[in-house]
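Single-structure report; data block below.
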Amino acid sequence: LFLMLRVHAPNASIRDVIGLRKTHLAFYPLAILLGVAVEIPADGLYDAIVRRFPTGVEDRFAEIYRDASGPQRAVFVLLLVAVGPALEELIFRGALFRLLAKTNPIETVILVTAMLFAFAHLQWQMFLPIGFVGLVLAFVRYKTGSIVPSLLVHGSFNAVSFVLTDQSSTSAASGPAFPP
């Protein structure tokens with residue numbers, strides 16, 4: 001992030017480059033609700049793909065979480081709901097979004113950041129569902145002008161996945177269809 005800033009916007013403030021600015025207060029609760037709502041189509045899409053092309057990833061995550069101690073579970077929550085989304089948003093809807101928006105139409109910026117976000121998750125079965133989530137995140141970033149609502153969408157999306165995983169880890173099920 002620092003290198004991107006120094007190369008592409010050496011005179012800009014980091015707050016400006018990553019889009020850390022105020023927006024209308026109504027966007028914050030709406031972003032959280034959107035993050036919860038986006039889980040439904042993303043999970044359905046992922047489930048349809050995994051039925052045809054199984055991964056085994058969700059079983060391993062549920063097993064690791066089930067065997068974790070209380071403090072280890074707290075670290076999972078922190079990483080999956082706060083730290084991970086914050087880092088990804090800083091990169092994809094922060095610096096990368098702004099730098100691409102300088103020279104490209106916004107439709108291209110939204111599509112490219114969503115695709116790169118999907119590719120960064122490595123598991124090919126997650127490309128379409130995560131790409132869909134990336135489109136939503138980039139659209140929220142564009143419409144609000146701030147990274148904060150997209151961060152809230154991302155964190156609440158991951159929180160729903162985590163809650164589903166937590167519930168399934170205490171039952172006989174192997175885990176949710178969509179790993180956090």
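In the structure tokens, chains take letters A, B, ... by order of appearance, with residues numbered from 1 within each chain and ligands from 1 in the order shown.
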Spatial neighbours of Leu45 of chain A, 12 Å, only C-alpha atoms, chain gap at least 4 places, as an MDAnalysis selection string:
chainID A and resid 38:41 49:52 125:133 177:178
I need the chosen residues saved as a short mmCIF file (atom, residue, chain, number, x, y, z; two decimals), in the first residue's frame, with C-alpha atoms.
data_model
loop_
_atom_site.label_atom_id
_atom_site.label_comp_id
_atom_site.auth_asym_id
_atom_site.auth_seq_id
_atom_site.Cartn_x
_atom_site.Cartn_y
_atom_site.Cartn_z
CA VAL A 38 -25.42 -10.56 0.21
CA GLU A 39 -24.64 -13.77 2.08
CA ILE A 40 -27.81 -15.40 0.72
CA PRO A 41 -27.08 -15.25 -3.04
CA ILE A 49 -20.81 -24.86 -7.57
CA VAL A 50 -19.57 -27.07 -4.72
CA ARG A 51 -22.32 -29.65 -5.31
CA ARG A 52 -20.88 -30.10 -8.79
CA GLN A 125 -15.00 -22.57 -6.73
CA MET A 126 -15.24 -19.27 -4.85
CA PHE A 127 -14.49 -17.08 -7.87
CA LEU A 128 -18.11 -16.38 -8.89
CA PRO A 129 -19.55 -15.94 -5.37
CA ILE A 130 -16.64 -13.80 -4.20
CA GLY A 131 -16.67 -11.92 -7.50
CA PHE A 132 -20.34 -11.12 -6.86
CA VAL A 133 -19.49 -9.90 -3.35
CA ALA A 177 -21.64 -24.18 2.21
CA PHE A 178 -19.74 -20.91 2.02
#
Any idea what's packed within 12 Å of Leu25 of chain A, counting only C-alpha atoms, ignoring anything in its chain fewer than 2 positions away? Could you give it as a list in words?
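Here the answer would be Arg21, Lys22, Thr23, Phe27, Tyr28, Pro29, Leu30, Ala31, Thr144, Ser146, Val148 and Pro149 of chain A.
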Given the selection you just returned, output its residues as a file containing N, CA and C atoms, formatted as an mmCIF file, in the first residue's frame.
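See selection.cif below for the written result:
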data_model
loop_
_atom_site.group_PDB
_atom_site.id
_atom_site.type_symbol
_atom_site.label_atom_id
_atom_site.label_comp_id
_atom_site.auth_asym_id
_atom_site.auth_seq_id
_atom_site.Cartn_x
_atom_site.Cartn_y
_atom_site.Cartn_z
ATOM 1 N N ARG A 21 -13.135 8.594 4.181
ATOM 2 C CA ARG A 21 -13.802 9.887 4.347
ATOM 3 C C ARG A 21 -15.203 9.660 4.888
ATOM 4 N N LYS A 22 -15.781 10.732 5.397
ATOM 5 C CA LYS A 22 -17.134 10.654 5.938
ATOM 6 C C LYS A 22 -18.129 10.514 4.796
ATOM 7 N N THR A 23 -19.237 9.880 5.105
ATOM 8 C CA THR A 23 -20.344 9.766 4.176
ATOM 9 C C THR A 23 -21.629 9.887 4.985
ATOM 10 N N PHE A 27 -25.752 5.350 5.507
ATOM 11 C CA PHE A 27 -25.039 4.295 4.794
ATOM 12 C C PHE A 27 -24.457 3.242 5.740
ATOM 13 N N TYR A 28 -24.152 3.596 6.951
ATOM 14 C CA TYR A 28 -23.517 2.646 7.860
ATOM 15 C C TYR A 28 -24.437 1.490 8.252
ATOM 16 N N PRO A 29 -25.645 1.742 8.772
ATOM 17 C CA PRO A 29 -26.515 0.595 9.069
ATOM 18 C C PRO A 29 -26.974 -0.127 7.795
ATOM 19 N N LEU A 30 -27.176 0.623 6.711
ATOM 20 C CA LEU A 30 -27.565 -0.014 5.458
ATOM 21 C C LEU A 30 -26.455 -0.947 4.952
ATOM 22 N N ALA A 31 -25.215 -0.549 5.150
ATOM 23 C CA ALA A 31 -24.083 -1.383 4.731
ATOM 24 C C ALA A 31 -24.056 -2.694 5.509
ATOM 25 N N THR A 144 -20.917 5.568 -2.237
ATOM 26 C CA THR A 144 -20.781 6.317 -0.985
ATOM 27 C C THR A 144 -19.573 7.250 -1.005
ATOM 28 N N SER A 146 -16.748 6.445 0.026
ATOM 29 C CA SER A 146 -15.948 6.134 1.211
ATOM 30 C C SER A 146 -15.704 4.635 1.293
ATOM 31 N N VAL A 148 -15.463 3.148 4.217
ATOM 32 C CA VAL A 148 -16.060 2.677 5.472
ATOM 33 C C VAL A 148 -17.311 1.826 5.233
ATOM 34 N N PRO A 149 -18.281 2.255 4.419
ATOM 35 C CA PRO A 149 -19.437 1.381 4.197
ATOM 36 C C PRO A 149 -19.073 0.036 3.563
#
Which residue is closest to Ser13 of chain A? Choose from A:Leu122, A:Leu79, A:Ala95, A:Leu100 and count only C-alpha atoms.
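Smallest separation from Ser13 of chain A among the options: A:Ala95.
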Helix (DSSP H, G or I) positions in segment 15-47 of chain A, given as a PDB file with all heavy atoms, in the first residue's frame:
ATOM      1  N   ARG A  15      -5.261   9.041   3.510  1.00  0.00           N
ATOM      2  CA  ARG A  15      -6.714   9.041   3.723  1.00  0.00           C
ATOM      3  C   ARG A  15      -7.448   9.268   2.400  1.00  0.00           C
ATOM      4  O   ARG A  15      -8.469   8.643   2.133  1.00  0.00           O
ATOM      5  CB  ARG A  15      -7.115  10.124   4.724  1.00  0.00           C
ATOM      6  CG  ARG A  15      -6.734   9.813   6.146  1.00  0.00           C
ATOM      7  CD  ARG A  15      -7.086  10.977   7.078  1.00  0.00           C
ATOM      8  NE  ARG A  15      -8.501  11.279   7.082  1.00  0.00           N
ATOM      9  CZ  ARG A  15      -9.380  10.750   7.926  1.00  0.00           C
ATOM     10  NH1 ARG A  15      -8.974   9.901   8.838  1.00  0.00           N
ATOM     11  NH2 ARG A  15     -10.653  11.087   7.862  1.00  0.00           N
ATOM     12  N   ASP A  16      -6.921  10.139   1.576  1.00  0.00           N
ATOM     13  CA  ASP A  16      -7.547  10.414   0.290  1.00  0.00           C
ATOM     14  C   ASP A  16      -7.407   9.225  -0.652  1.00  0.00           C
ATOM     15  O   ASP A  16      -8.349   8.844  -1.339  1.00  0.00           O
ATOM     16  CB  ASP A  16      -6.925  11.666  -0.338  1.00  0.00           C
ATOM     17  CG  ASP A  16      -7.611  12.063  -1.630  1.00  0.00           C
ATOM     18  OD1 ASP A  16      -8.858  12.034  -1.668  1.00  0.00           O
ATOM     19  OD2 ASP A  16      -6.901  12.395  -2.590  1.00  0.00           O
ATOM     20  N   VAL A  17      -6.241   8.615  -0.684  1.00  0.00           N
ATOM     21  CA  VAL A  17      -5.983   7.507  -1.593  1.00  0.00           C
ATOM     22  C   VAL A  17      -6.845   6.299  -1.249  1.00  0.00           C
ATOM     23  O   VAL A  17      -7.404   5.657  -2.130  1.00  0.00           O
ATOM     24  CB  VAL A  17      -4.485   7.125  -1.600  1.00  0.00           C
ATOM     25  CG1 VAL A  17      -4.246   5.829  -2.349  1.00  0.00           C
ATOM     26  CG2 VAL A  17      -3.674   8.250  -2.217  1.00  0.00           C
ATOM     27  N   ILE A  18      -7.002   5.982   0.029  1.00  0.00           N
ATOM     28  CA  ILE A  18      -7.790   4.798   0.389  1.00  0.00           C
ATOM     29  C   ILE A  18      -9.282   5.093   0.526  1.00  0.00           C
ATOM     30  O   ILE A  18     -10.073   4.193   0.739  1.00  0.00           O
ATOM     31  CB  ILE A  18      -7.262   4.121   1.667  1.00  0.00           C
ATOM     32  CG1 ILE A  18      -7.400   5.031   2.888  1.00  0.00           C
ATOM     33  CG2 ILE A  18      -5.844   3.625   1.461  1.00  0.00           C
ATOM     34  CD1 ILE A  18      -7.097   4.348   4.201  1.00  0.00           C
ATOM     35  N   PHE A  27     -25.752   5.350   5.507  1.00  0.00           N
ATOM     36  CA  PHE A  27     -25.039   4.295   4.794  1.00  0.00           C
ATOM     37  C   PHE A  27     -24.457   3.242   5.740  1.00  0.00           C
ATOM     38  O   PHE A  27     -24.293   2.096   5.345  1.00  0.00           O
ATOM     39  CB  PHE A  27     -23.911   4.869   3.924  1.00  0.00           C
ATOM     40  CG  PHE A  27     -24.392   5.521   2.673  1.00  0.00           C
ATOM     41  CD1 PHE A  27     -23.983   6.798   2.342  1.00  0.00           C
ATOM     42  CD2 PHE A  27     -25.241   4.861   1.794  1.00  0.00           C
ATOM     43  CE1 PHE A  27     -24.411   7.416   1.176  1.00  0.00           C
ATOM     44  CE2 PHE A  27     -25.676   5.462   0.623  1.00  0.00           C
ATOM     45  CZ  PHE A  27     -25.264   6.743   0.316  1.00  0.00           C
ATOM     46  N   TYR A  28     -24.152   3.596   6.951  1.00  0.00           N
ATOM     47  CA  TYR A  28     -23.517   2.646   7.860  1.00  0.00           C
ATOM     48  C   TYR A  28     -24.437   1.490   8.252  1.00  0.00           C
ATOM     49  O   TYR A  28     -24.073   0.327   8.052  1.00  0.00           O
ATOM     50  CB  TYR A  28     -22.938   3.365   9.075  1.00  0.00           C
ATOM     51  CG  TYR A  28     -21.908   4.419   8.698  1.00  0.00           C
ATOM     52  CD1 TYR A  28     -21.950   5.689   9.229  1.00  0.00           C
ATOM     53  CD2 TYR A  28     -20.902   4.145   7.783  1.00  0.00           C
ATOM     54  CE1 TYR A  28     -21.018   6.658   8.874  1.00  0.00           C
ATOM     55  CE2 TYR A  28     -19.960   5.100   7.414  1.00  0.00           C
ATOM     56  CZ  TYR A  28     -20.033   6.352   7.964  1.00  0.00           C
ATOM     57  OH  TYR A  28     -19.111   7.304   7.606  1.00  0.00           O
ATOM     58  N   PRO A  29     -25.645   1.742   8.772  1.00  0.00           N
ATOM     59  CA  PRO A  29     -26.515   0.595   9.069  1.00  0.00           C
ATOM     60  C   PRO A  29     -26.974  -0.127   7.795  1.00  0.00           C
ATOM     61  O   PRO A  29     -27.113  -1.353   7.805  1.00  0.00           O
ATOM     62  CB  PRO A  29     -27.699   1.200   9.832  1.00  0.00           C
ATOM     63  CG  PRO A  29     -27.664   2.653   9.557  1.00  0.00           C
ATOM     64  CD  PRO A  29     -26.234   2.999   9.236  1.00  0.00           C
ATOM     65  N   LEU A  30     -27.176   0.623   6.711  1.00  0.00           N
ATOM     66  CA  LEU A  30     -27.565  -0.014   5.458  1.00  0.00           C
ATOM     67  C   LEU A  30     -26.455  -0.947   4.952  1.00  0.00           C
ATOM     68  O   LEU A  30     -26.733  -2.010   4.400  1.00  0.00           O
ATOM     69  CB  LEU A  30     -27.898   1.033   4.396  1.00  0.00           C
ATOM     70  CG  LEU A  30     -29.202   1.797   4.611  1.00  0.00           C
ATOM     71  CD1 LEU A  30     -29.334   2.926   3.587  1.00  0.00           C
ATOM     72  CD2 LEU A  30     -30.405   0.874   4.562  1.00  0.00           C
ATOM     73  N   ALA A  31     -25.215  -0.549   5.150  1.00  0.00           N
ATOM     74  CA  ALA A  31     -24.083  -1.383   4.731  1.00  0.00           C
ATOM     75  C   ALA A  31     -24.056  -2.694   5.509  1.00  0.00           C
ATOM     76  O   ALA A  31     -23.807  -3.757   4.937  1.00  0.00           O
ATOM     77  CB  ALA A  31     -22.770  -0.621   4.924  1.00  0.00           C
ATOM     78  N   ILE A  32     -24.321  -2.626   6.793  1.00  0.00           N
ATOM     79  CA  ILE A  32     -24.348  -3.848   7.609  1.00  0.00           C
ATOM     80  C   ILE A  32     -25.466  -4.767   7.136  1.00  0.00           C
ATOM     81  O   ILE A  32     -25.264  -5.980   6.967  1.00  0.00           O
ATOM     82  CB  ILE A  32     -24.482  -3.491   9.103  1.00  0.00           C
ATOM     83  CG1 ILE A  32     -23.205  -2.790   9.573  1.00  0.00           C
ATOM     84  CG2 ILE A  32     -24.764  -4.740   9.941  1.00  0.00           C
ATOM     85  CD1 ILE A  32     -23.302  -2.151  10.941  1.00  0.00           C
ATOM     86  N   LEU A  33     -26.647  -4.214   6.898  1.00  0.00           N
ATOM     87  CA  LEU A  33     -27.763  -5.022   6.400  1.00  0.00           C
ATOM     88  C   LEU A  33     -27.459  -5.611   5.022  1.00  0.00           C
ATOM     89  O   LEU A  33     -27.801  -6.763   4.739  1.00  0.00           O
ATOM     90  CB  LEU A  33     -29.034  -4.178   6.346  1.00  0.00           C
ATOM     91  CG  LEU A  33     -29.618  -3.774   7.691  1.00  0.00           C
ATOM     92  CD1 LEU A  33     -30.779  -2.798   7.500  1.00  0.00           C
ATOM     93  CD2 LEU A  33     -30.064  -4.993   8.479  1.00  0.00           C
ATOM     94  N   LEU A  34     -26.814  -4.835   4.173  1.00  0.00           N
ATOM     95  CA  LEU A  34     -26.437  -5.335   2.853  1.00  0.00           C
ATOM     96  C   LEU A  34     -25.457  -6.494   2.964  1.00  0.00           C
ATOM     97  O   LEU A  34     -25.565  -7.484   2.246  1.00  0.00           O
ATOM     98  CB  LEU A  34     -25.849  -4.208   1.996  1.00  0.00           C
ATOM     99  CG  LEU A  34     -25.449  -4.579   0.573  1.00  0.00           C
ATOM    100  CD1 LEU A  34     -26.649  -5.101  -0.225  1.00  0.00           C
ATOM    101  CD2 LEU A  34     -24.828  -3.370  -0.123  1.00  0.00           C
ATOM    102  N   GLY A  35     -24.506  -6.394   3.870  1.00  0.00           N
ATOM    103  CA  GLY A  35     -23.549  -7.478   4.071  1.00  0.00           C
ATOM    104  C   GLY A  35     -24.230  -8.778   4.483  1.00  0.00           C
ATOM    105  O   GLY A  35     -23.872  -9.861   4.023  1.00  0.00           O
ATOM    106  N   VAL A  36     -25.241  -8.662   5.332  1.00  0.00           N
ATOM    107  CA  VAL A  36     -26.013  -9.836   5.747  1.00  0.00           C
ATOM    108  C   VAL A  36     -26.809 -10.373   4.550  1.00  0.00           C
ATOM    109  O   VAL A  36     -26.828 -11.573   4.301  1.00  0.00           O
ATOM    110  CB  VAL A  36     -26.951  -9.482   6.929  1.00  0.00           C
ATOM    111  CG1 VAL A  36     -27.898 -10.633   7.238  1.00  0.00           C
ATOM    112  CG2 VAL A  36     -26.124  -9.115   8.162  1.00  0.00           C
ATOM    113  N   ALA A  37     -27.437  -9.489   3.798  1.00  0.00           N
ATOM    114  CA  ALA A  37     -28.270  -9.893   2.669  1.00  0.00           C
ATOM    115  C   ALA A  37     -27.456 -10.529   1.544  1.00  0.00           C
ATOM    116  O   ALA A  37     -27.921 -11.474   0.896  1.00  0.00           O
ATOM    117  CB  ALA A  37     -29.056  -8.693   2.140  1.00  0.00           C
ATOM    118  N   VAL A  38     -26.267 -10.042   1.304  1.00  0.00           N
ATOM    119  CA  VAL A  38     -25.422 -10.558   0.213  1.00  0.00           C
ATOM    120  C   VAL A  38     -25.004 -12.006   0.478  1.00  0.00           C
ATOM    121  O   VAL A  38     -24.730 -12.759  -0.457  1.00  0.00           O
ATOM    122  CB  VAL A  38     -24.191  -9.636   0.018  1.00  0.00           C
ATOM    123  CG1 VAL A  38     -23.114 -10.276  -0.807  1.00  0.00           C
ATOM    124  CG2 VAL A  38     -24.632  -8.340  -0.623  1.00  0.00           C
ATOM    125  N   GLU A  39     -25.000 -12.396   1.727  1.00  0.00           N
ATOM    126  CA  GLU A  39     -24.636 -13.771   2.076  1.00  0.00           C
ATOM    127  C   GLU A  39     -25.564 -14.779   1.403  1.00  0.00           C
ATOM    128  O   GLU A  39     -25.127 -15.848   0.978  1.00  0.00           O
ATOM    129  CB  GLU A  39     -24.669 -13.950   3.601  1.00  0.00           C
ATOM    130  CG  GLU A  39     -24.477 -15.359   4.082  1.00  0.00           C
ATOM    131  CD  GLU A  39     -23.117 -15.943   3.807  1.00  0.00           C
ATOM    132  OE1 GLU A  39     -22.135 -15.186   3.724  1.00  0.00           O
ATOM    133  OE2 GLU A  39     -23.024 -17.185   3.671  1.00  0.00           O
ATOM    134  N   ILE A  40     -26.832 -14.452   1.259  1.00  0.00           N
ATOM    135  CA  ILE A  40     -27.811 -15.402   0.718  1.00  0.00           C
ATOM    136  C   ILE A  40     -27.498 -15.783  -0.729  1.00  0.00           C
ATOM    137  O   ILE A  40     -27.320 -16.970  -1.027  1.00  0.00           O
ATOM    138  CB  ILE A  40     -29.246 -14.853   0.883  1.00  0.00           C
ATOM    139  CG1 ILE A  40     -29.574 -14.730   2.374  1.00  0.00           C
ATOM    140  CG2 ILE A  40     -30.266 -15.753   0.173  1.00  0.00           C
ATOM    141  CD1 ILE A  40     -30.810 -13.909   2.674  1.00  0.00           C
ATOM    142  N   PRO A  41     -27.395 -14.826  -1.665  1.00  0.00           N
ATOM    143  CA  PRO A  41     -27.075 -15.247  -3.041  1.00  0.00           C
ATOM    144  C   PRO A  41     -25.653 -15.801  -3.186  1.00  0.00           C
ATOM    145  O   PRO A  41     -25.423 -16.732  -3.968  1.00  0.00           O
ATOM    146  CB  PRO A  41     -27.267 -13.983  -3.877  1.00  0.00           C
ATOM    147  CG  PRO A  41     -27.224 -12.851  -2.918  1.00  0.00           C
ATOM    148  CD  PRO A  41     -27.677 -13.398  -1.595  1.00  0.00           C
ATOM    149  N   ALA A  42     -24.704 -15.259  -2.437  1.00  0.00           N
ATOM    150  CA  ALA A  42     -23.325 -15.762  -2.536  1.00  0.00           C
ATOM    151  C   ALA A  42     -23.253 -17.204  -2.043  1.00  0.00           C
ATOM    152  O   ALA A  42     -22.605 -18.050  -2.662  1.00  0.00           O
ATOM    153  CB  ALA A  42     -22.374 -14.868  -1.737  1.00  0.00           C
ATOM    154  N   ASP A  43     -23.942 -17.490  -0.943  1.00  0.00           N
ATOM    155  CA  ASP A  43     -23.953 -18.843  -0.398  1.00  0.00           C
ATOM    156  C   ASP A  43     -24.663 -19.793  -1.357  1.00  0.00           C
ATOM    157  O   ASP A  43     -24.192 -20.913  -1.593  1.00  0.00           O
ATOM    158  CB  ASP A  43     -24.633 -18.850   0.975  1.00  0.00           C
ATOM    159  CG  ASP A  43     -24.545 -20.207   1.641  1.00  0.00           C
ATOM    160  OD1 ASP A  43     -23.443 -20.782   1.674  1.00  0.00           O
ATOM    161  OD2 ASP A  43     -25.590 -20.686   2.133  1.00  0.00           O
ATOM    162  N   GLY A  44     -25.770 -19.354  -1.947  1.00  0.00           N
ATOM    163  CA  GLY A  44     -26.483 -20.198  -2.903  1.00  0.00           C
ATOM    164  C   GLY A  44     -25.647 -20.519  -4.128  1.00  0.00           C
ATOM    165  O   GLY A  44     -25.620 -21.662  -4.592  1.00  0.00           O
ATOM    166  N   LEU A  45     -24.950 -19.522  -4.630  1.00  0.00           N
ATOM    167  CA  LEU A  45     -24.083 -19.724  -5.793  1.00  0.00           C
ATOM    168  C   LEU A  45     -22.928 -20.663  -5.451  1.00  0.00           C
ATOM    169  O   LEU A  45     -22.623 -21.594  -6.206  1.00  0.00           O
ATOM    170  CB  LEU A  45     -23.560 -18.362  -6.285  1.00  0.00           C
ATOM    171  CG  LEU A  45     -22.737 -18.337  -7.553  1.00  0.00           C
ATOM    172  CD1 LEU A  45     -23.478 -18.982  -8.717  1.00  0.00           C
ATOM    173  CD2 LEU A  45     -22.368 -16.898  -7.891  1.00  0.00           C
ATOM    174  N   TYR A  46     -22.314 -20.435  -4.301  1.00  0.00           N
ATOM    175  CA  TYR A  46     -21.209 -21.296  -3.876  1.00  0.00           C
ATOM    176  C   TYR A  46     -21.687 -22.733  -3.676  1.00  0.00           C
ATOM    177  O   TYR A  46     -21.033 -23.681  -4.109  1.00  0.00           O
ATOM    178  CB  TYR A  46     -20.591 -20.750  -2.589  1.00  0.00           C
ATOM    179  CG  TYR A  46     -19.421 -21.566  -2.100  1.00  0.00           C
ATOM    180  CD1 TYR A  46     -18.187 -21.507  -2.727  1.00  0.00           C
ATOM    181  CD2 TYR A  46     -19.549 -22.401  -0.999  1.00  0.00           C
ATOM    182  CE1 TYR A  46     -17.118 -22.249  -2.293  1.00  0.00           C
ATOM    183  CE2 TYR A  46     -18.487 -23.154  -0.553  1.00  0.00           C
ATOM    184  CZ  TYR A  46     -17.268 -23.080  -1.198  1.00  0.00           C
ATOM    185  OH  TYR A  46     -16.206 -23.828  -0.757  1.00  0.00           O
ATOM    186  N   ASP A  47     -22.841 -22.895  -3.048  1.00  0.00           N
ATOM    187  CA  ASP A  47     -23.393 -24.228  -2.794  1.00  0.00           C
ATOM    188  C   ASP A  47     -23.638 -24.959  -4.112  1.00  0.00           C
ATOM    189  O   ASP A  47     -23.330 -26.147  -4.238  1.00  0.00           O
ATOM    190  CB  ASP A  47     -24.676 -24.110  -1.978  1.00  0.00           C
ATOM    191  CG  ASP A  47     -25.162 -25.452  -1.467  1.00  0.00           C
ATOM    192  OD1 ASP A  47     -24.323 -26.286  -1.080  1.00  0.00           O
ATOM    193  OD2 ASP A  47     -26.397 -25.664  -1.459  1.00  0.00           O
TER     194      ASP A  47
END
Taking only C-alpha atoms into account, name the residue in A:Arg93, A:Ala86, A:Phe162, A:Ala114 that is nearest to Ala74 of chain A.
A:Phe162
Go through A:Ile106, A:Leu96, A:Leu151, A:Ile14 and flag the residue nearest Val83 of chain A, using only C-alpha atoms for the distances.
A:Leu151
Point-to-point distance in Å for atom CA of His24 of chain A and atom CA of Pro105 of chain A
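Atom-to-atom, atom CA of Pro105 of chain A and atom CA of His24 of chain A are spaced 24.2 Å apart.
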Restricting to only C-alpha atoms, whichever of A:Val77, A:Leu99, A:Val160, A:Ala26 is closest to Ala12 of chain A is A:Leu99
